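Encoded as structure tokens, the structure appears first; notes follow it.
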Amino acid sequence: SDVTGAETGAGATDAAGLYEQGFGEIKRSDYPSAEKTFIAFMKQYPTHALAPNALYWLGETYYVRKDYDKAARVFAEAYQKYPGGPKGADNLLKLGMSLAGKGEKDNACIALGQLKKEYPKGPGPVLAKGDSEMMALGCKA
């Protein structure tokens, strides 16, 4: 890496610092900055332990700005890359919601329907949100 003044072996703290920066930008609702930060994170640290979370938050920067096309692409990538990761269920939920935002109801229903199949023990709020989204869309059970 070409980060000036970085000591050797300080890689993990650099990654953590970059992640914290992006997360702080999300909390401040500075989504354009968070987008850039998380893209930089994924370029520099694609195999880092925080990469699954960074990719999820990148998708979130698009979702909150209603760029459902980009959001769906990122959440799909995150779900495929890290199905067992800490944000697996969240990625699938947000993929479904992004597809719904794009007007792709059938695909949204398929994605949301997978939630309980793939993550039966997933986070309660995520599964509940999946159910309510399916009801709102009128997905066939």
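By convention here, the chains of the structure tokens are called A, B, ... in the order presented, each chain's residues are numbered starting at 1, and ligands are numbered starting at 1 in the order presented.
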
> Could you name the residues that touch segment 42-54 of chain A at 9 Å or less, counting only C-alpha atoms, but leaving out those on the same chain fewer than 5 positions away, as a PyMOL selection string?
Replying inline: chain A and resi 1+12+15-16+19+22-23+37+59+78-79+81-82+85-88

Write a file of the selected residues as a tab-separated table (two decimals), in the first residue's frame, keeping all heavy atoms.
chain	number	residue	atom	x	y	z
A	1	SER	N	0.84	-1.20	0.00
A	1	SER	CA	0.00	0.00	0.00
A	1	SER	C	0.87	1.24	0.00
A	1	SER	O	2.00	1.21	0.48
A	1	SER	CB	-0.92	0.00	1.21
A	1	SER	OG	-0.28	0.60	2.30
A	12	ALA	N	-4.20	-4.02	9.57
A	12	ALA	CA	-5.52	-4.24	10.16
A	12	ALA	C	-6.10	-2.96	10.74
A	12	ALA	O	-7.27	-2.67	10.55
A	12	ALA	CB	-5.44	-5.30	11.24
A	15	ALA	N	-7.37	-0.82	7.96
A	15	ALA	CA	-8.66	-1.31	7.48
A	15	ALA	C	-9.77	-0.92	8.45
A	15	ALA	O	-10.81	-0.41	8.05
A	15	ALA	CB	-8.62	-2.82	7.28
A	16	ALA	N	-9.52	-1.15	9.73
A	16	ALA	CA	-10.52	-0.82	10.75
A	16	ALA	C	-10.80	0.68	10.75
A	16	ALA	O	-11.96	1.10	10.87
A	16	ALA	CB	-10.05	-1.28	12.12
A	19	TYR	N	-12.90	1.54	7.75
A	19	TYR	CA	-14.26	1.06	7.97
A	19	TYR	C	-15.01	2.00	8.92
A	19	TYR	O	-16.15	2.38	8.66
A	19	TYR	CB	-14.24	-0.37	8.54
A	19	TYR	CG	-15.62	-0.92	8.79
A	19	TYR	CD1	-16.31	-1.58	7.78
A	19	TYR	CD2	-16.24	-0.78	10.03
A	19	TYR	CE1	-17.59	-2.08	7.99
A	19	TYR	CE2	-17.51	-1.28	10.25
A	19	TYR	CZ	-18.18	-1.93	9.23
A	19	TYR	OH	-19.44	-2.41	9.45
A	22	GLY	N	-16.09	5.14	7.20
A	22	GLY	CA	-17.28	4.94	6.38
A	22	GLY	C	-18.54	4.82	7.22
A	22	GLY	O	-19.59	5.38	6.89
A	23	PHE	N	-18.42	4.09	8.33
A	23	PHE	CA	-19.57	3.89	9.21
A	23	PHE	C	-19.99	5.22	9.83
A	23	PHE	O	-21.19	5.50	9.97
A	23	PHE	CB	-19.24	2.85	10.29
A	23	PHE	CG	-20.45	2.30	10.95
A	23	PHE	CD1	-21.38	1.57	10.23
A	23	PHE	CD2	-20.68	2.51	12.30
A	23	PHE	CE1	-22.53	1.05	10.84
A	23	PHE	CE2	-21.81	2.00	12.92
A	23	PHE	CZ	-22.74	1.28	12.19
A	37	THR	N	-15.81	5.87	0.52
A	37	THR	CA	-15.01	5.20	1.54
A	37	THR	C	-15.13	3.69	1.44
A	37	THR	O	-14.12	2.97	1.48
A	37	THR	CB	-15.42	5.68	2.95
A	37	THR	OG1	-15.25	7.10	3.03
A	37	THR	CG2	-14.57	5.02	4.03
A	59	GLY	N	-23.90	-1.06	-0.30
A	59	GLY	CA	-25.23	-1.22	-0.87
A	59	GLY	C	-26.24	-0.29	-0.24
A	59	GLY	O	-27.08	0.32	-0.91
A	78	ALA	N	-22.88	-9.13	-2.59
A	78	ALA	CA	-22.54	-9.39	-1.19
A	78	ALA	C	-23.14	-10.72	-0.73
A	78	ALA	O	-22.49	-11.50	-0.03
A	78	ALA	CB	-23.05	-8.25	-0.31
A	79	TYR	N	-24.37	-10.97	-1.15
A	79	TYR	CA	-25.06	-12.21	-0.77
A	79	TYR	C	-24.36	-13.42	-1.40
A	79	TYR	O	-24.19	-14.45	-0.75
A	79	TYR	CB	-26.52	-12.10	-1.21
A	79	TYR	CG	-27.27	-13.41	-1.17
A	79	TYR	CD1	-27.49	-14.06	0.04
A	79	TYR	CD2	-27.76	-13.99	-2.33
A	79	TYR	CE1	-28.17	-15.26	0.08
A	79	TYR	CE2	-28.46	-15.18	-2.30
A	79	TYR	CZ	-28.65	-15.82	-1.09
A	79	TYR	OH	-29.33	-17.00	-1.05
A	81	LYS	N	-21.16	-13.55	-2.47
A	81	LYS	CA	-19.78	-13.66	-1.97
A	81	LYS	C	-19.70	-14.16	-0.55
A	81	LYS	O	-18.80	-14.92	-0.19
A	81	LYS	CB	-19.11	-12.27	-2.01
A	81	LYS	CG	-18.15	-12.07	-3.15
A	81	LYS	CD	-17.36	-10.78	-2.92
A	81	LYS	CE	-16.55	-10.42	-4.14
A	81	LYS	NZ	-16.09	-9.02	-4.08
A	82	TYR	N	-20.62	-13.69	0.28
A	82	TYR	CA	-20.54	-13.98	1.72
A	82	TYR	C	-21.88	-14.52	2.24
A	82	TYR	O	-22.48	-13.92	3.13
A	82	TYR	CB	-20.18	-12.72	2.51
A	82	TYR	CG	-19.03	-11.92	1.95
A	82	TYR	CD1	-19.25	-10.68	1.35
A	82	TYR	CD2	-17.72	-12.38	2.05
A	82	TYR	CE1	-18.19	-9.92	0.86
A	82	TYR	CE2	-16.66	-11.64	1.56
A	82	TYR	CZ	-16.90	-10.41	0.96
A	82	TYR	OH	-15.85	-9.67	0.47
A	85	GLY	N	-21.87	-14.92	5.85
A	85	GLY	CA	-21.29	-13.78	6.56
A	85	GLY	C	-22.26	-13.16	7.55
A	85	GLY	O	-23.43	-13.53	7.61
A	86	PRO	N	-21.76	-12.17	8.31
A	86	PRO	CA	-22.58	-11.56	9.36
A	86	PRO	C	-23.80	-10.83	8.81
A	86	PRO	O	-24.75	-10.59	9.54
A	86	PRO	CB	-21.62	-10.58	10.04
A	86	PRO	CG	-20.54	-10.33	9.03
A	86	PRO	CD	-20.41	-11.59	8.24
A	87	LYS	N	-23.76	-10.47	7.53
A	87	LYS	CA	-24.87	-9.71	6.94
A	87	LYS	C	-25.61	-10.54	5.89
A	87	LYS	O	-26.32	-9.98	5.05
A	87	LYS	CB	-24.33	-8.43	6.30
A	87	LYS	CG	-23.77	-7.42	7.28
A	87	LYS	CD	-24.89	-6.65	7.95
A	87	LYS	CE	-24.36	-5.53	8.81
A	87	LYS	NZ	-25.39	-4.99	9.70
A	88	GLY	N	-25.46	-11.87	5.91
A	88	GLY	CA	-26.09	-12.71	4.90
A	88	GLY	C	-27.58	-12.46	4.75
A	88	GLY	O	-28.07	-12.18	3.66

> Excluding same-chain residues fewer than 5 positions from segment 126-130 of chain A, what lies within 8 Å of it counting only C-alpha atoms, as a VMD selection string?
Replying inline: chain A and resid 89 to 90 93 112 to 113 115 to 116

Create the file for the chosen residues now, containing N, CA and C atoms and written as a tab-separated table (two decimals), in the first residue's frame.
chain	number	residue	atom	x	y	z
A	89	ALA	N	-28.30	-12.55	5.87
A	89	ALA	CA	-29.75	-12.37	5.85
A	89	ALA	C	-30.10	-10.93	5.46
A	90	ASP	N	-29.34	-9.97	5.98
A	90	ASP	CA	-29.60	-8.55	5.66
A	90	ASP	C	-29.44	-8.29	4.17
A	93	LEU	N	-32.48	-9.67	2.36
A	93	LEU	CA	-33.62	-8.78	2.60
A	93	LEU	C	-33.52	-7.53	1.74
A	112	LEU	N	-37.13	-12.46	-1.26
A	112	LEU	CA	-37.68	-12.38	0.10
A	112	LEU	C	-38.14	-13.75	0.58
A	113	GLY	N	-38.66	-14.56	-0.33
A	113	GLY	CA	-39.10	-15.90	0.01
A	113	GLY	C	-37.96	-16.81	0.43
A	115	LEU	N	-35.46	-15.92	2.25
A	115	LEU	CA	-34.95	-15.51	3.57
A	115	LEU	C	-35.14	-16.60	4.62
A	116	LYS	N	-36.38	-17.05	4.79
A	116	LYS	CA	-36.66	-18.03	5.85
A	116	LYS	C	-36.11	-19.41	5.51

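Distances to Arg73 of chain A were evaluated for A:Lys140, A:Lys94, A:Lys36, A:Lys121 using only C-alpha atoms, and the minimum falls at A:Lys94.
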
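Using only C-alpha atoms, the smallest distance between any of A:Gln80, A:Pro123, A:Gly138, A:Gly24 and Phe38 of chain A comes from A:Gly24.
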
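Comparing the minimum interatomic distances between Tyr56 of chain A and each of A:Glu133, A:Glu35, A:Asp106, A:Glu25, counting only C-alpha atoms, we find that A:Glu35 sits nearest.
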
>> Give me the residues near segment 63-66 of chain A as a list in words, where near means some atom within 9 Å (using only C-alpha atoms) and where sequence neighbours in that chain fewer than 3 positions away do not count.
In response: Tyr31, Leu58, Gly59, Glu60, Asp69, Lys70, Ala71, Ala72, Lys94, Met97, Ser98 and Gly101 of chain A
